[in-house]
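A.B. asks: Dropping a structure here in structure tokens format, bear with me for questions.
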Number of protein chains: 2
Amino acid sequence: MILCDIGNSTYHFFIKGKHKKYFLDEKLPKFDEEIYYVSVNKSATKELKKVNPQAKNIKKLMNFKTSYVGLGIDRAIASYFEKDSVIVDAGSAITVDIMSKGKHQGGFILPGFRAFMKTYPKISKKLKFDFEKNINLDKIPLQTKDAITYAMMKSIILPIKEVSENKKIIFTGGDGKLLSKYFENSTYKKDLIFENMKRIIDANDCIA
Amino acid sequence: MILCDIGNSTYHFFIKGKHKKYFLDEKLPKFDEEIYYVSVNKSATKELKKVNPQAKNIKKLMNFKTSYVGLGIDRAIASYFEKDSVIVDAGSAITVDIMSKGKHQGGFILPGFRAFMKTYPKISKKLKFDFEKNINLDKIPLQTKDAITYAMMKSIILPIKEVSENKKIIFTGGDGKLLSKYFENSTYKKDLIFENMKRIIDANDCIA
């Protein structure tokens, strides 16, 4: 079985534990196997199904209740099996979702690291700096480079801290690992989306 | 006496209690009066002095000690007379400076409201929304529009809250008034820069 996460810039395949990415304008291979996909991109989904008509939308196997209007299906998958946690997917945007007693409470969307850093030089050329990974967040910055990195890190960390209280926090996404270091009660799960897709499919097989 | 704040996009004059702005490519008037300016823009300063050679840099009257390397002169003026405060200038960027016992402790730089909002639609078209002024920040958002505004407001408010502890907070700049509403121990001073320029000039007259 092949899993595929269709995003705004890539097809992300998960094939026998291995990752394979294709840009949206690349030619997709034809697979013989079963494919389950999750997608936030309609036109890309159409393209996948043209080459691989057997591909199935995992959405149809899901039963995720929330009062949130228009929740991204990737956020639903990431939160699917959590009871009392904060789920953070740190990619081009950083989505933060809160689960309490197995119920989705809502969430919020921060700009991703890259988007944040791109913002500064547009305000003023003097604010163009590279990201400083090893900044001390317990000290008030004494130069502009640190003043930017500190602000960016605090802007991302503090809103997550505020909603997490005593909950555990699960990080995924490209910047999830870096971010998880700033939180005590946290876990980084690189393949959270694919792992949960697999669990959803397995659970469905049992019922069938 | 005329005061002028030269920024990245305008000349901002303060003439007998009235504000007058010129874009950088506009023709500047010739004034007969004394002019003091503060500037973060070298080429614009040159232009002002070409038309008004009598214009004086307020920097020469200032004695602001800090360990911060490359502190913007506007931030130094805003913080100049404070003993134990946090000074927030909320414009295209939001600068936050901390004064303790009359000493500048450093500071940080957040993106301004406008810069923040511009970031989202660049990540995904689905994240394009107008700013929702009346959002309840005590409730976890249940729709994407609120999820963005909530994240943006928390990203700006929480880092300022964290450094302000029991200090009073002084807001200035175009978005300072809106922002000050979220802080109990805060004051909004629309003309903080010009008021402090005036005080610096007056203090200097006394010494002379």
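Letters A, B, ... mark the chains of the structure tokens in the order given; residue numbers begin at 1 per chain; ligand numbers begin at 1, in order shown.
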Provide as a ChimeraX atom specification the residues of chain B at most 8 Å from chain A, counting only C-alpha atoms.

C.D. replies: /B:8,67-71,92-93,105-111,115-116,119-120,123-124,140-144,146-148,150-152,154-156,158-159

A.B. asks: If we count only C-alpha atoms and set the cut-off at 7 Å, which residues sit around Ala55 (chain A), ignoring sequence neighbours fewer than 6 positions away in its own chain? Please answer as a ChimeraX atom specification.

C.D. replies: /A:34-37,49

A.B. asks: List every residue of region 43-178 of chain B that DSSP, applied to the backbone of this structure, places in strand (DSSP E or B), and write the result as a ChimeraX atom specification.

C.D. replies: /B:56-57,66,69,85-90,93-100,103-111,143,168-172

A.B. asks: Env of Gly174 (chain B): 10 Å cut, atoms = only C-alpha atoms, seq-sep filter 2 positions within chain, self excluded. Answer as a list in words.

C.D. replies: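 Using only C-alpha atoms, the neighbours found are Asp89, Ala90, Gly91, Ser92, Gly112, Phe113, Phe171, Thr172, Gly176, Lys177, Leu178, Leu179 and Lys190 of chain B.
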
A.B. asks: Put those residues in a file: all heavy atoms, as an mmCIF file, in the first residue's frame.

C.D. replies:
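Generated output (result28.cif):
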```
data_model
loop_
_atom_site.group_PDB
_atom_site.id
_atom_site.type_symbol
_atom_site.label_atom_id
_atom_site.label_comp_id
_atom_site.auth_asym_id
_atom_site.auth_seq_id
_atom_site.Cartn_x
_atom_site.Cartn_y
_atom_site.Cartn_z
ATOM 1 N N ASP B 89 6.872 50.685 19.745
ATOM 2 C CA ASP B 89 6.541 51.528 18.600
ATOM 3 C C ASP B 89 5.979 50.621 17.509
ATOM 4 O O ASP B 89 6.711 49.890 16.846
ATOM 5 C CB ASP B 89 7.804 52.248 18.118
ATOM 6 C CG ASP B 89 7.489 53.331 17.090
ATOM 7 O OD1 ASP B 89 6.375 53.321 16.531
ATOM 8 O OD2 ASP B 89 8.364 54.197 16.835
ATOM 9 N N ALA B 90 4.649 50.668 17.355
ATOM 10 C CA ALA B 90 3.972 49.726 16.456
ATOM 11 C C ALA B 90 3.684 50.364 15.107
ATOM 12 O O ALA B 90 2.650 50.993 14.894
ATOM 13 C CB ALA B 90 2.684 49.226 17.109
ATOM 14 N N GLY B 91 4.628 50.211 14.201
ATOM 15 C CA GLY B 91 4.480 50.728 12.843
ATOM 16 C C GLY B 91 4.659 49.595 11.846
ATOM 17 O O GLY B 91 4.135 48.508 12.066
ATOM 18 N N SER B 92 5.413 49.834 10.771
ATOM 19 C CA SER B 92 5.639 48.782 9.780
ATOM 20 C C SER B 92 6.367 47.604 10.434
ATOM 21 O O SER B 92 6.135 46.455 10.088
ATOM 22 C CB SER B 92 6.424 49.324 8.589
ATOM 23 O OG SER B 92 7.589 49.982 9.025
ATOM 24 N N GLY B 112 5.223 44.212 11.803
ATOM 25 C CA GLY B 112 4.015 45.002 12.057
ATOM 26 C C GLY B 112 2.765 44.256 11.613
ATOM 27 O O GLY B 112 2.847 43.239 10.917
ATOM 28 N N PHE B 113 1.602 44.755 12.017
ATOM 29 C CA PHE B 113 0.316 44.133 11.658
ATOM 30 C C PHE B 113 0.202 43.884 10.154
ATOM 31 O O PHE B 113 -0.145 42.806 9.714
ATOM 32 C CB PHE B 113 -0.851 45.041 12.063
ATOM 33 C CG PHE B 113 -1.225 44.935 13.501
ATOM 34 C CD1 PHE B 113 -0.498 45.581 14.475
ATOM 35 C CD2 PHE B 113 -2.324 44.191 13.880
ATOM 36 C CE1 PHE B 113 -0.843 45.494 15.809
ATOM 37 C CE2 PHE B 113 -2.683 44.090 15.218
ATOM 38 C CZ PHE B 113 -1.945 44.750 16.185
ATOM 39 N N PHE B 171 2.935 52.764 24.476
ATOM 40 C CA PHE B 171 2.748 52.466 23.058
ATOM 41 C C PHE B 171 2.761 53.737 22.226
ATOM 42 O O PHE B 171 2.218 54.768 22.635
ATOM 43 C CB PHE B 171 1.407 51.755 22.836
ATOM 44 C CG PHE B 171 1.393 50.337 23.314
ATOM 45 C CD1 PHE B 171 0.958 50.031 24.604
ATOM 46 C CD2 PHE B 171 1.808 49.309 22.487
ATOM 47 C CE1 PHE B 171 0.950 48.718 25.050
ATOM 48 C CE2 PHE B 171 1.800 47.996 22.921
ATOM 49 C CZ PHE B 171 1.370 47.694 24.206
ATOM 50 N N THR B 172 3.365 53.640 21.061
ATOM 51 C CA THR B 172 3.258 54.716 20.083
ATOM 52 C C THR B 172 3.183 54.065 18.704
ATOM 53 O O THR B 172 3.143 52.841 18.583
ATOM 54 C CB THR B 172 4.439 55.720 20.216
ATOM 55 O OG1 THR B 172 4.160 56.866 19.407
ATOM 56 C CG2 THR B 172 5.767 55.097 19.789
ATOM 57 N N GLY B 176 -0.315 51.447 17.654
ATOM 58 C CA GLY B 176 -0.087 51.453 19.101
ATOM 59 C C GLY B 176 -1.373 51.540 19.902
ATOM 60 O O GLY B 176 -1.513 50.909 20.946
ATOM 61 N N LYS B 177 -2.322 52.319 19.398
ATOM 62 C CA LYS B 177 -3.578 52.523 20.131
ATOM 63 C C LYS B 177 -4.353 51.211 20.237
ATOM 64 O O LYS B 177 -4.793 50.821 21.311
ATOM 65 C CB LYS B 177 -4.416 53.586 19.419
ATOM 66 C CG LYS B 177 -5.517 54.145 20.285
ATOM 67 C CD LYS B 177 -6.170 55.339 19.635
ATOM 68 C CE LYS B 177 -7.211 55.954 20.563
ATOM 69 N NZ LYS B 177 -7.814 57.157 19.943
ATOM 70 N N LEU B 178 -4.517 50.546 19.106
ATOM 71 C CA LEU B 178 -5.216 49.251 19.082
ATOM 72 C C LEU B 178 -4.539 48.258 20.022
ATOM 73 O O LEU B 178 -5.185 47.596 20.834
ATOM 74 C CB LEU B 178 -5.221 48.700 17.650
ATOM 75 C CG LEU B 178 -5.647 47.238 17.470
ATOM 76 C CD1 LEU B 178 -7.124 47.057 17.807
ATOM 77 C CD2 LEU B 178 -5.389 46.763 16.039
ATOM 78 N N LEU B 179 -3.237 48.197 19.932
ATOM 79 C CA LEU B 179 -2.454 47.227 20.705
ATOM 80 C C LEU B 179 -2.534 47.511 22.209
ATOM 81 O O LEU B 179 -2.624 46.585 23.025
ATOM 82 C CB LEU B 179 -1.005 47.274 20.211
ATOM 83 C CG LEU B 179 -0.169 46.000 20.307
ATOM 84 C CD1 LEU B 179 -0.912 44.790 19.816
ATOM 85 C CD2 LEU B 179 1.110 46.192 19.481
ATOM 86 N N LYS B 190 0.583 59.107 21.129
ATOM 87 C CA LYS B 190 0.650 59.273 19.673
ATOM 88 C C LYS B 190 1.935 59.981 19.244
ATOM 89 O O LYS B 190 2.606 59.562 18.309
ATOM 90 C CB LYS B 190 -0.578 60.086 19.228
ATOM 91 C CG LYS B 190 -0.740 60.275 17.734
ATOM 92 C CD LYS B 190 -2.085 60.949 17.434
ATOM 93 C CE LYS B 190 -2.292 61.153 15.945
ATOM 94 N NZ LYS B 190 -1.616 62.337 15.397
#
```

A.B. asks: Which residues are close to Lys46 (chain B), i.e. within 12 Å by only C-alpha atoms, leaving aside same-chain residues fewer than 3 positions away? Reply as a ChimeraX atom specification.

C.D. replies: /B:6,24,28,37,39-43,49-53,55-57

A.B. asks: Give the alpha helix (DSSP H) residues of region 28-133 of chain A, as assigned by DSSP on the backbone, as a list in words.

C.D. replies: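 The residues of region 28-133 of chain A classed as alpha helix (DSSP H) are Lys42, Ser43, Ala44, Thr45, Lys46, Glu47, Leu48, Lys49, Lys50, Val51, Ile73, Asp74, Arg75, Ala76, Ile77, Ala78, Ser79, Phe113, Arg114, Ala115, Phe116, Met117, Lys118, Thr119, Tyr120, Pro121, Lys122 and Ile123 of chain A.
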
A.B. asks: Go ahead and save the residues from that selection, with N, CA, C and O atoms, as a short mmCIF file (atom, residue, chain, number, x, y, z; two decimals), in the first residue's frame.

C.D. replies:
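So the final result, stored in out_30.cif, reads:
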```cif
data_model
loop_
_atom_site.label_atom_id
_atom_site.label_comp_id
_atom_site.auth_asym_id
_atom_site.auth_seq_id
_atom_site.Cartn_x
_atom_site.Cartn_y
_atom_site.Cartn_z
N LYS A 42 -7.01 20.38 -4.95
CA LYS A 42 -7.94 19.70 -5.85
C LYS A 42 -7.35 19.34 -7.21
O LYS A 42 -7.51 18.21 -7.69
N SER A 43 -6.67 20.31 -7.84
CA SER A 43 -6.19 20.06 -9.20
C SER A 43 -5.08 19.00 -9.19
O SER A 43 -5.00 18.16 -10.09
N ALA A 44 -4.25 19.02 -8.15
CA ALA A 44 -3.20 18.02 -8.05
C ALA A 44 -3.79 16.63 -7.81
O ALA A 44 -3.28 15.62 -8.30
N THR A 45 -4.89 16.59 -7.06
CA THR A 45 -5.56 15.32 -6.80
C THR A 45 -6.09 14.72 -8.11
O THR A 45 -5.95 13.52 -8.37
N LYS A 46 -6.66 15.58 -8.94
CA LYS A 46 -7.18 15.17 -10.24
C LYS A 46 -6.08 14.51 -11.07
O LYS A 46 -6.27 13.48 -11.71
N GLU A 47 -4.92 15.14 -11.05
CA GLU A 47 -3.77 14.65 -11.80
C GLU A 47 -3.33 13.26 -11.29
O GLU A 47 -3.09 12.35 -12.09
N LEU A 48 -3.27 13.11 -9.98
CA LEU A 48 -2.90 11.81 -9.40
C LEU A 48 -3.88 10.73 -9.85
O LEU A 48 -3.48 9.62 -10.22
N LYS A 49 -5.17 11.05 -9.84
CA LYS A 49 -6.19 10.05 -10.18
C LYS A 49 -6.24 9.75 -11.68
O LYS A 49 -6.73 8.69 -12.09
N LYS A 50 -5.74 10.70 -12.46
CA LYS A 50 -5.69 10.47 -13.90
C LYS A 50 -4.68 9.36 -14.19
O LYS A 50 -4.94 8.44 -14.97
N VAL A 51 -3.51 9.45 -13.53
CA VAL A 51 -2.45 8.46 -13.75
C VAL A 51 -2.72 7.19 -12.93
O VAL A 51 -2.37 6.09 -13.35
N ILE A 73 -7.88 18.83 6.09
CA ILE A 73 -7.94 17.39 6.33
C ILE A 73 -6.63 16.88 6.93
O ILE A 73 -6.63 15.95 7.74
N ASP A 74 -5.51 17.54 6.59
CA ASP A 74 -4.22 17.14 7.18
C ASP A 74 -4.21 17.39 8.69
O ASP A 74 -3.67 16.60 9.46
N ARG A 75 -4.84 18.48 9.11
CA ARG A 75 -4.92 18.77 10.55
C ARG A 75 -5.81 17.74 11.25
O ARG A 75 -5.52 17.33 12.38
N ALA A 76 -6.87 17.33 10.59
CA ALA A 76 -7.76 16.31 11.16
C ALA A 76 -7.02 14.99 11.33
O ALA A 76 -7.12 14.33 12.37
N ILE A 77 -6.24 14.62 10.31
CA ILE A 77 -5.48 13.36 10.40
C ILE A 77 -4.45 13.42 11.52
O ILE A 77 -4.30 12.50 12.31
N ALA A 78 -3.74 14.53 11.61
CA ALA A 78 -2.70 14.69 12.63
C ALA A 78 -3.29 14.59 14.04
O ALA A 78 -2.66 14.08 14.96
N SER A 79 -4.52 15.07 14.21
CA SER A 79 -5.15 15.11 15.54
C SER A 79 -5.98 13.87 15.83
O SER A 79 -6.43 13.67 16.97
N PHE A 113 8.42 29.34 9.80
CA PHE A 113 9.72 29.99 9.97
C PHE A 113 10.13 30.77 8.73
O PHE A 113 10.53 31.92 8.80
N ARG A 114 10.07 30.11 7.61
CA ARG A 114 10.52 30.72 6.36
C ARG A 114 9.70 31.98 6.04
O ARG A 114 10.23 33.02 5.68
N ALA A 115 8.37 31.86 6.20
CA ALA A 115 7.48 33.00 5.93
C ALA A 115 7.81 34.16 6.87
O ALA A 115 7.85 35.33 6.47
N PHE A 116 8.07 33.84 8.13
CA PHE A 116 8.43 34.84 9.14
C PHE A 116 9.69 35.60 8.71
O PHE A 116 9.73 36.83 8.70
N MET A 117 10.73 34.83 8.38
CA MET A 117 12.01 35.44 8.04
C MET A 117 11.91 36.30 6.78
O MET A 117 12.60 37.31 6.66
N LYS A 118 11.07 35.88 5.85
CA LYS A 118 10.92 36.63 4.59
C LYS A 118 10.27 38.00 4.82
O LYS A 118 10.40 38.91 4.02
N THR A 119 9.51 38.09 5.92
CA THR A 119 8.75 39.31 6.19
C THR A 119 9.65 40.50 6.49
O THR A 119 9.41 41.61 6.04
N TYR A 120 10.71 40.26 7.26
CA TYR A 120 11.54 41.36 7.77
C TYR A 120 12.22 42.21 6.69
O TYR A 120 12.09 43.44 6.71
N PRO A 121 12.95 41.60 5.74
CA PRO A 121 13.62 42.46 4.75
C PRO A 121 12.64 43.25 3.88
O PRO A 121 13.02 44.24 3.27
N LYS A 122 11.37 42.80 3.85
CA LYS A 122 10.37 43.57 3.10
C LYS A 122 9.99 44.84 3.84
O LYS A 122 9.55 45.81 3.25
N ILE A 123 10.12 44.83 5.15
CA ILE A 123 9.84 46.03 5.96
C ILE A 123 10.99 47.02 5.81
O ILE A 123 10.78 48.20 5.57
#
```
